[in-house]
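Some notes on the structure that comes next.
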Amino acid sequence: MNVIPAHPPSHDRYAGLDLLASAVLVIDEDGLVRYANPAAEHLLEISVKSLSRQKLLGLFTNGEELGALCRQAIEHKYADLRQDLALHRPAREPLHVHSIVSATGEAEVVVELRENVQQLKLDREERILDQSQANKELIRNLAHEIKNPLGGIRGAAQLLELELPDASLREYTQVIIKEADRLQTLVDRLLAPHRRPHIVGDVNIHEVCERVRSLVLAEFPSGLAIRRDYDASIPEFRGDKEQLIQAVLNIVHNAAQALRSQIGEGSAEIVLRTRVARQVTLAKVRYGLALDLHIIDNGPGIAPDIRDRIFYPLVSGREGGSGLGLTLAQTFVQQHMGLIECESRPGLTDFRILIPLP
């Protein structure tokens with residue numbers, strides 16, 4: 001199945017490659033794909049039948065560099081070539097891979113492609129940071145633009161109320177005043193992270209988790225279990241304890257809200273797990289140690305249509321939600337040089353907070 005029918009001997013010669021977890025292609029001297037294993041089919045998202053007899057250069061819009069490595073190997077300039085590549089494909093995300101090109105001695109080369117997970121992680125973090133910075137600028141500018149006319153609208157409604165001849169008409173001015181107050185509260189929440197001074201002190205992350213745990217269990221006293229899984233060896237670090245409590249509380253409270261149906265059944269569970277991560281890169285800076293805090297719930301998961309936008313302001317998966325909780329949490333964590341990541345599927349949502357440790 002994985003070998004071109006025109007070359008039956010290849011089946012025996014490369015059968016063992018079918019079992020490899022990394023993608024393997026065998027390319028002949030004309031640049032044609034002679035063989036592809038199932039992992040290559042999965043990585044490239046192309047069936048083995050479609051891969052067979054295709055030109056290697058035709059698989060990628062920028063395949064010249066990989067093609068050049070294959071030619072050099074076939075010409076015996078090198079026995080084994082290794083290089084990190086970003087392979088671009090039409091209408092798909094680029095593939096970040098570590099490539100190993102090896103000559104076989106029979107006018108063929110074996111191309112092994114291993115997905116570069118670290119590069120993918122760095123790219124994702126960079127996108128999150130860029131998105132967060134854009135969010136901050138948007139929030140600040142929008143809030144200031146709303147704030148001034150909002151005060152004028154409220155003041156005008158109050159003056160109008162004093163001049164109304166019929167007291168029954170004050171119902172309408174009260175609507176204006178109350179809605180102006182509601183919007184003012186929203187604006188204040190948007191600006192809060194940029195107004196409040198960063199109060200730095202020694203932070204014990206387990207004290208933060210315990211405070212959040214007690215607050216949430218007070219609101220949901222039955223049907224919800226919040227399980228602790230702490231690493232007691234995690235050292236204290238310098239930070240703003242109140243900001244971190246708010247960040248963790250926003251995430252845990254969102255999880256509890258998403259678990260309402262399970263809370264009713266008594267099967268809802270949130271896990272607070274702390275670990276130490278080593279050699280972590282955050283915002284292109286390498287740290288030897290980092291706090292690795294996971295907030296895991298067994299809820300329905302985040303809806304796929306908003307999964308990539310959950311840290312955007314005013315994006316909420318819950319009816320009546322403000323869509324600010326996760327935005328503020330990300331802002332507070334980034335003020336500690338950290339980052340929040342999220343993985344979600346039905347039955348498991350995992351928010352991961354990474355913060356450098358001394």
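By convention here, the chains of the structure tokens are called A, B, ... in the order presented, each chain's residues are numbered starting at 1, and ligands are numbered starting at 1 in the order presented.
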
Leaving out range 38-48 of chain A and any residue of its chain fewer than 3 positions from it, which residues lie within 10 Å of it when counting only C-alpha atoms, given as a compact mmCIF listing (two decimals) with N, CA and C atoms, in the first residue's frame?
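Contents of the output file selection-v2.txt:
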# COMPACT_ATOMS: atom_id res chain seq x y z
N MET A 1 0.83 -1.21 0.00
CA MET A 1 0.00 0.00 0.00
C MET A 1 0.86 1.25 0.00
N ASN A 2 2.01 1.16 0.67
CA ASN A 2 2.84 2.35 0.83
C ASN A 2 3.94 2.44 -0.22
N VAL A 3 3.92 1.56 -1.23
CA VAL A 3 5.01 1.54 -2.21
C VAL A 3 4.43 1.64 -3.60
N ILE A 4 5.11 2.34 -4.49
CA ILE A 4 4.65 2.49 -5.87
C ILE A 4 4.70 1.12 -6.55
N LEU A 17 10.28 0.76 7.68
CA LEU A 17 10.06 2.18 7.89
C LEU A 17 8.59 2.51 8.18
N ASP A 18 7.70 1.55 7.84
CA ASP A 18 6.28 1.77 8.10
C ASP A 18 6.01 1.95 9.60
N LEU A 19 6.88 1.39 10.42
CA LEU A 19 6.64 1.40 11.87
C LEU A 19 7.19 2.64 12.55
N LEU A 20 7.96 3.45 11.83
CA LEU A 20 8.57 4.62 12.44
C LEU A 20 7.54 5.71 12.74
N ALA A 21 7.75 6.43 13.86
CA ALA A 21 6.83 7.51 14.22
C ALA A 21 7.11 8.78 13.43
N SER A 22 8.35 8.94 12.94
CA SER A 22 8.69 10.13 12.14
C SER A 22 8.38 9.88 10.67
N ALA A 23 8.11 10.96 9.94
CA ALA A 23 7.76 10.86 8.52
C ALA A 23 9.00 10.53 7.70
N VAL A 24 8.87 9.54 6.81
CA VAL A 24 10.00 9.12 5.97
C VAL A 24 9.55 9.07 4.52
N LEU A 25 10.34 9.71 3.65
CA LEU A 25 10.13 9.66 2.20
C LEU A 25 11.40 9.13 1.56
N VAL A 33 8.95 10.90 -5.52
CA VAL A 33 8.73 10.14 -4.29
C VAL A 33 8.52 8.68 -4.66
N TYR A 35 8.66 6.21 -2.15
CA TYR A 35 8.05 5.53 -1.01
C TYR A 35 7.72 6.57 0.05
N LEU A 51 0.92 10.78 -2.85
CA LEU A 51 2.35 11.09 -2.75
C LEU A 51 3.18 10.35 -3.79
N SER A 52 2.76 9.12 -4.12
CA SER A 52 3.54 8.28 -5.03
C SER A 52 3.72 8.95 -6.39
N ARG A 53 4.97 8.94 -6.83
CA ARG A 53 5.36 9.49 -8.14
C ARG A 53 5.27 11.00 -8.21
N LEU A 59 5.49 19.26 -3.54
CA LEU A 59 4.78 19.14 -2.28
C LEU A 59 4.76 20.44 -1.49
N PHE A 60 5.77 21.30 -1.75
CA PHE A 60 5.93 22.53 -0.97
C PHE A 60 6.16 23.70 -1.91
N ARG A 89 3.09 25.07 2.48
CA ARG A 89 2.16 24.33 1.63
C ARG A 89 0.99 25.22 1.27
N ARG A 92 -2.31 25.90 3.71
CA ARG A 92 -2.12 25.21 4.98
C ARG A 92 -1.06 25.92 5.80
N LEU A 95 4.94 23.88 7.84
CA LEU A 95 5.45 22.78 8.65
C LEU A 95 6.84 23.13 9.14
N GLU A 112 13.93 12.10 6.23
CA GLU A 112 13.18 11.95 7.47
C GLU A 112 12.79 13.34 7.96
N LEU A 113 11.52 13.53 8.26
CA LEU A 113 11.01 14.82 8.72
C LEU A 113 10.40 14.66 10.11
N ARG A 114 10.96 15.41 11.07
CA ARG A 114 10.45 15.38 12.44
C ARG A 114 9.90 16.76 12.77
N GLU A 115 8.66 16.79 13.19
CA GLU A 115 8.03 18.08 13.49
C GLU A 115 8.80 18.77 14.62

Please provide the set of residues having any atom within 8 Å of range 208-224 of chain A, restricted to only C-alpha atoms, with same-chain residues fewer than 4 positions apart removed, written as a list in words. Val203, Asn204, Lys241, Leu244, Ile245, Val248, Leu249, Val252, His253, Ala256, Gln262, Ile263, Gly264, Glu265, Gly266, Ser267, Ala268, Glu269, Ile270 and Leu272 of chain A

Please provide as an mmCIF file with N, CA and C atoms, in the first residue's frame all residues within 12 Å of Ile340 in chain A, with the sequence filter that same-chain residues fewer than 4 positions apart are discarded (counting only C-alpha atoms).
data_model
loop_
_atom_site.group_PDB
_atom_site.id
_atom_site.type_symbol
_atom_site.label_atom_id
_atom_site.label_comp_id
_atom_site.auth_asym_id
_atom_site.auth_seq_id
_atom_site.Cartn_x
_atom_site.Cartn_y
_atom_site.Cartn_z
ATOM 1 N N ARG A 124 3.724 30.015 18.590
ATOM 2 C CA ARG A 124 2.437 30.207 19.251
ATOM 3 C C ARG A 124 2.543 31.255 20.352
ATOM 4 N N GLU A 125 3.634 31.185 21.137
ATOM 5 C CA GLU A 125 3.827 32.168 22.209
ATOM 6 C C GLU A 125 3.974 33.574 21.636
ATOM 7 N N ILE A 128 0.628 34.880 20.726
ATOM 8 C CA ILE A 128 -0.144 35.254 21.917
ATOM 9 C C ILE A 128 0.322 36.592 22.453
ATOM 10 N N LEU A 129 1.649 36.803 22.501
ATOM 11 C CA LEU A 129 2.189 38.056 23.022
ATOM 12 C C LEU A 129 1.828 39.233 22.121
ATOM 13 N N SER A 132 -1.785 39.938 22.605
ATOM 14 C CA SER A 132 -2.035 40.588 23.895
ATOM 15 C C SER A 132 -1.653 42.061 23.855
ATOM 16 N N LEU A 244 -2.178 38.005 40.995
ATOM 17 C CA LEU A 244 -2.149 36.576 40.697
ATOM 18 C C LEU A 244 -3.385 35.868 41.241
ATOM 19 N N ALA A 247 -6.015 36.617 38.701
ATOM 20 C CA ALA A 247 -5.810 35.863 37.462
ATOM 21 C C ALA A 247 -6.275 34.415 37.626
ATOM 22 N N VAL A 248 -5.836 33.768 38.702
ATOM 23 C CA VAL A 248 -6.223 32.369 38.931
ATOM 24 C C VAL A 248 -7.720 32.269 39.209
ATOM 25 N N ILE A 251 -9.845 32.309 36.043
ATOM 26 C CA ILE A 251 -9.832 31.038 35.302
ATOM 27 C C ILE A 251 -10.664 29.981 36.028
ATOM 28 N N LEU A 282 10.135 31.973 27.456
ATOM 29 C CA LEU A 282 8.963 32.843 27.520
ATOM 30 C C LEU A 282 9.333 34.186 26.926
ATOM 31 N N ALA A 283 8.569 34.627 25.941
ATOM 32 C CA ALA A 283 8.837 35.902 25.262
ATOM 33 C C ALA A 283 10.287 35.962 24.784
ATOM 34 N N LEU A 291 7.468 28.421 37.264
ATOM 35 C CA LEU A 291 6.264 27.856 37.862
ATOM 36 C C LEU A 291 5.386 27.304 36.737
ATOM 37 N N ASP A 292 4.879 26.098 36.934
ATOM 38 C CA ASP A 292 4.014 25.448 35.943
ATOM 39 C C ASP A 292 2.703 25.091 36.648
ATOM 40 N N LEU A 293 1.741 26.011 36.590
ATOM 41 C CA LEU A 293 0.458 25.845 37.277
ATOM 42 C C LEU A 293 -0.613 25.449 36.269
ATOM 43 N N HIS A 294 -1.264 24.318 36.535
ATOM 44 C CA HIS A 294 -2.347 23.843 35.669
ATOM 45 C C HIS A 294 -3.678 23.956 36.401
ATOM 46 N N ILE A 295 -4.675 24.464 35.699
ATOM 47 C CA ILE A 295 -6.049 24.521 36.204
ATOM 48 C C ILE A 295 -6.881 23.672 35.244
ATOM 49 N N ILE A 310 -10.072 33.076 22.882
ATOM 50 C CA ILE A 310 -10.569 33.184 24.255
ATOM 51 C C ILE A 310 -9.882 34.284 25.064
ATOM 52 N N PHE A 311 -8.662 34.690 24.654
ATOM 53 C CA PHE A 311 -7.982 35.753 25.386
ATOM 54 C C PHE A 311 -8.266 37.133 24.798
ATOM 55 N N LEU A 326 -10.564 36.274 31.122
ATOM 56 C CA LEU A 326 -9.325 35.680 30.615
ATOM 57 C C LEU A 326 -8.380 36.740 30.065
ATOM 58 N N THR A 327 -8.941 37.815 29.507
ATOM 59 C CA THR A 327 -8.099 38.912 29.026
ATOM 60 C C THR A 327 -7.306 39.514 30.182
ATOM 61 N N LEU A 328 -8.004 39.781 31.294
ATOM 62 C CA LEU A 328 -7.340 40.347 32.462
ATOM 63 C C LEU A 328 -6.348 39.355 33.064
ATOM 64 N N ALA A 329 -6.715 38.070 33.098
ATOM 65 C CA ALA A 329 -5.803 37.054 33.633
ATOM 66 C C ALA A 329 -4.510 37.017 32.832
ATOM 67 N N GLN A 330 -4.637 37.026 31.502
ATOM 68 C CA GLN A 330 -3.431 37.014 30.654
ATOM 69 C C GLN A 330 -2.585 38.261 30.891
ATOM 70 N N THR A 331 -3.234 39.419 31.035
ATOM 71 C CA THR A 331 -2.511 40.670 31.278
ATOM 72 C C THR A 331 -1.740 40.608 32.590
ATOM 73 N N PHE A 332 -2.407 40.132 33.660
ATOM 74 C CA PHE A 332 -1.743 40.061 34.971
ATOM 75 C C PHE A 332 -0.553 39.102 34.945
ATOM 76 N N VAL A 333 -0.716 37.964 34.278
ATOM 77 C CA VAL A 333 0.377 36.987 34.217
ATOM 78 C C VAL A 333 1.532 37.525 33.378
ATOM 79 N N GLN A 334 1.214 38.211 32.292
ATOM 80 C CA GLN A 334 2.284 38.787 31.468
ATOM 81 C C GLN A 334 3.048 39.873 32.209
ATOM 82 N N GLN A 335 2.390 40.559 33.151
ATOM 83 C CA GLN A 335 3.097 41.545 33.958
ATOM 84 C C GLN A 335 4.105 40.874 34.895
ATOM 85 N N HIS A 336 4.002 39.546 35.027
ATOM 86 C CA HIS A 336 4.982 38.762 35.786
ATOM 87 C C HIS A 336 5.933 38.023 34.845
ATOM 88 N N ASP A 350 -7.533 22.465 30.048
ATOM 89 C CA ASP A 350 -6.323 22.664 30.849
ATOM 90 C C ASP A 350 -5.749 24.036 30.550
ATOM 91 N N PHE A 351 -5.849 24.946 31.534
ATOM 92 C CA PHE A 351 -5.185 26.239 31.456
ATOM 93 C C PHE A 351 -3.835 26.117 32.160
ATOM 94 N N ARG A 352 -2.781 26.496 31.484
ATOM 95 C CA ARG A 352 -1.430 26.366 32.018
ATOM 96 C C ARG A 352 -0.811 27.761 32.194
ATOM 97 N N ILE A 353 -0.433 28.082 33.431
ATOM 98 C CA ILE A 353 0.211 29.366 33.736
ATOM 99 C C ILE A 353 1.693 29.114 33.961
ATOM 100 N N LEU A 354 2.536 29.780 33.182
ATOM 101 C CA LEU A 354 3.988 29.683 33.320
ATOM 102 C C LEU A 354 4.535 31.036 33.777
ATOM 103 N N ILE A 355 5.291 31.049 34.877
ATOM 104 C CA ILE A 355 5.898 32.270 35.404
ATOM 105 C C ILE A 355 7.339 31.946 35.806
#

Can you list, as a ChimeraX atom specification, all residues belonging to range 26-237 of chain A that DSSP tags as helix (DSSP H, G or I)? /A:38-44,48-51,56-59,64-74,117-163,167-195,205-219

Strand (DSSP E or B) residues, from DSSP on the backbone, in range 51-300 of chain A, as number ranges by chain: A: 55, 80-87, 95-103, 108-115, 201-203, 224-229, 237-239, 268-282, 285-297

Serialized selection, C-alpha atoms, as a PDB file, in the first residue's frame:
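Wrote it out as out24.pdb, contents follow:
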ATOM      1  CA  LYS A  55       7.893  15.483  -7.391  1.00  0.00           C
ATOM      2  CA  ASP A  80      23.912  12.684   6.200  1.00  0.00           C
ATOM      3  CA  LEU A  81      22.498  16.222   6.152  1.00  0.00           C
ATOM      4  CA  ARG A  82      20.463  17.745   8.989  1.00  0.00           C
ATOM      5  CA  GLN A  83      18.642  21.068   8.873  1.00  0.00           C
ATOM      6  CA  ASP A  84      15.672  22.852  10.441  1.00  0.00           C
ATOM      7  CA  LEU A  85      13.219  23.928   7.751  1.00  0.00           C
ATOM      8  CA  ALA A  86       9.887  25.723   7.485  1.00  0.00           C
ATOM      9  CA  LEU A  87       8.094  23.972   4.625  1.00  0.00           C
ATOM     10  CA  LEU A  95       5.445  22.778   8.651  1.00  0.00           C
ATOM     11  CA  HIS A  96       8.358  23.432  11.021  1.00  0.00           C
ATOM     12  CA  VAL A  97      10.508  20.321  10.779  1.00  0.00           C
ATOM     13  CA  HIS A  98      13.963  18.966  11.524  1.00  0.00           C
ATOM     14  CA  SER A  99      15.027  17.232   8.310  1.00  0.00           C
ATOM     15  CA  ILE A 100      17.568  14.411   7.994  1.00  0.00           C
ATOM     16  CA  VAL A 101      18.610  13.545   4.429  1.00  0.00           C
ATOM     17  CA  SER A 102      20.658  10.360   4.015  1.00  0.00           C
ATOM     18  CA  ALA A 103      22.113   8.755   0.890  1.00  0.00           C
ATOM     19  CA  GLU A 108      18.050   7.350  -3.810  1.00  0.00           C
ATOM     20  CA  VAL A 109      17.894   9.385  -0.619  1.00  0.00           C
ATOM     21  CA  VAL A 110      15.893   8.838   2.529  1.00  0.00           C
ATOM     22  CA  VAL A 111      14.281  12.037   3.836  1.00  0.00           C
ATOM     23  CA  GLU A 112      13.178  11.952   7.468  1.00  0.00           C
ATOM     24  CA  LEU A 113      11.005  14.823   8.719  1.00  0.00           C
ATOM     25  CA  ARG A 114      10.447  15.382  12.438  1.00  0.00           C
ATOM     26  CA  GLU A 115       8.033  18.082  13.493  1.00  0.00           C
ATOM     27  CA  GLY A 201       6.250  41.178  47.371  1.00  0.00           C
ATOM     28  CA  ASP A 202       7.071  37.540  48.125  1.00  0.00           C
ATOM     29  CA  VAL A 203       4.449  35.211  46.657  1.00  0.00           C
ATOM     30  CA  LEU A 224     -17.997  20.756  42.937  1.00  0.00           C
ATOM     31  CA  ALA A 225     -14.714  19.192  44.048  1.00  0.00           C
ATOM     32  CA  ILE A 226     -11.530  21.272  43.790  1.00  0.00           C
ATOM     33  CA  ARG A 227      -8.641  18.858  44.131  1.00  0.00           C
ATOM     34  CA  ARG A 228      -5.131  19.922  45.126  1.00  0.00           C
ATOM     35  CA  ASP A 229      -2.037  18.434  43.470  1.00  0.00           C
ATOM     36  CA  PHE A 237       9.013  34.405  43.967  1.00  0.00           C
ATOM     37  CA  ARG A 238       8.613  38.169  43.652  1.00  0.00           C
ATOM     38  CA  GLY A 239       5.259  39.260  42.323  1.00  0.00           C
ATOM     39  CA  ALA A 268     -17.796  18.408  38.648  1.00  0.00           C
ATOM     40  CA  GLU A 269     -14.071  18.512  39.361  1.00  0.00           C
ATOM     41  CA  ILE A 270     -11.345  21.135  39.084  1.00  0.00           C
ATOM     42  CA  VAL A 271      -7.703  20.249  39.693  1.00  0.00           C
ATOM     43  CA  LEU A 272      -5.096  22.791  40.817  1.00  0.00           C
ATOM     44  CA  ARG A 273      -1.712  21.284  39.943  1.00  0.00           C
ATOM     45  CA  THR A 274       1.645  22.960  40.587  1.00  0.00           C
ATOM     46  CA  ARG A 275       4.958  21.789  39.184  1.00  0.00           C
ATOM     47  CA  VAL A 276       8.375  23.179  38.311  1.00  0.00           C
ATOM     48  CA  ALA A 277       9.218  23.406  34.598  1.00  0.00           C
ATOM     49  CA  ARG A 278      12.859  23.526  33.538  1.00  0.00           C
ATOM     50  CA  GLN A 279      14.504  25.334  30.625  1.00  0.00           C
ATOM     51  CA  VAL A 280      11.420  27.285  29.579  1.00  0.00           C
ATOM     52  CA  THR A 281      11.397  29.971  26.898  1.00  0.00           C
ATOM     53  CA  LEU A 282       8.963  32.843  27.520  1.00  0.00           C
ATOM     54  CA  VAL A 285      13.888  34.640  26.971  1.00  0.00           C
ATOM     55  CA  ARG A 286      15.233  31.353  28.336  1.00  0.00           C
ATOM     56  CA  TYR A 287      14.625  30.631  32.037  1.00  0.00           C
ATOM     57  CA  GLY A 288      16.160  27.790  33.997  1.00  0.00           C
ATOM     58  CA  LEU A 289      13.097  27.350  36.217  1.00  0.00           C
ATOM     59  CA  ALA A 290       9.454  28.353  35.907  1.00  0.00           C
ATOM     60  CA  LEU A 291       6.264  27.856  37.862  1.00  0.00           C
ATOM     61  CA  ASP A 292       4.014  25.448  35.943  1.00  0.00           C
ATOM     62  CA  LEU A 293       0.458  25.845  37.277  1.00  0.00           C
ATOM     63  CA  HIS A 294      -2.347  23.843  35.669  1.00  0.00           C
ATOM     64  CA  ILE A 295      -6.049  24.521  36.204  1.00  0.00           C
ATOM     65  CA  ILE A 296      -7.869  21.480  34.827  1.00  0.00           C
ATOM     66  CA  ASP A 297     -11.609  20.842  34.681  1.00  0.00           C
TER      67      ASP A 297
END

Do you know which residues are at most 8 Å from Ala107 in chain A counting only C-alpha atoms, after dropping those on the same chain fewer than 3 positions away, and could you put them as a PDB file with N, CA and C atoms, in the first residue's frame?
ATOM      1  N   ASP A  28      13.965   9.465  -5.455  1.00  0.00           N
ATOM      2  CA  ASP A  28      14.941   8.967  -6.431  1.00  0.00           C
ATOM      3  C   ASP A  28      15.724  10.124  -7.040  1.00  0.00           C
ATOM      4  N   GLU A  29      16.629   9.793  -7.965  1.00  0.00           N
ATOM      5  CA  GLU A  29      17.518  10.811  -8.533  1.00  0.00           C
ATOM      6  C   GLU A  29      16.778  11.836  -9.377  1.00  0.00           C
ATOM      7  N   ILE A  74      22.572  12.685  -3.071  1.00  0.00           N
ATOM      8  CA  ILE A  74      22.665  11.741  -4.187  1.00  0.00           C
ATOM      9  C   ILE A  74      24.022  11.837  -4.867  1.00  0.00           C
ATOM     10  N   ALA A 103      21.918   9.483   2.152  1.00  0.00           N
ATOM     11  CA  ALA A 103      22.113   8.755   0.890  1.00  0.00           C
ATOM     12  C   ALA A 103      22.035   7.262   1.148  1.00  0.00           C
ATOM     13  N   THR A 104      21.453   6.508   0.189  1.00  0.00           N
ATOM     14  CA  THR A 104      21.346   5.045   0.336  1.00  0.00           C
ATOM     15  C   THR A 104      22.382   4.309  -0.482  1.00  0.00           C
TER      16      THR A 104
END

Quick one, how far is CA of Leu150 in chain A from CA of Gln174 in chain A? 14.5 Å

Could you list, as a list in words, every residue within 9 Å of Thr61 in chain A, counting only C-alpha atoms and ignoring same-chain residues fewer than 3 positions away?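 Those residues are Leu57, Gly58, Glu64, Leu87, His88, Arg89 and Pro90 of chain A.
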
Do a neighbour search on Gly67 in chain A at 8 Å with only C-alpha atoms, toss out local chain neighbours closer than 3 positions, and write the hits as a PyMOL selection string. chain A and resi 31+56-57+63-64+70-71

What is the distance, in Å and to one decimal place, between CA of Leu183 in chain A and CA of Asn254 in chain A?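 Distance reported for this atom pair: 21.8 Å.
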
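Going from CA of Ala258 in chain A to CA of Asn298 in chain A covers 9.4 Å.
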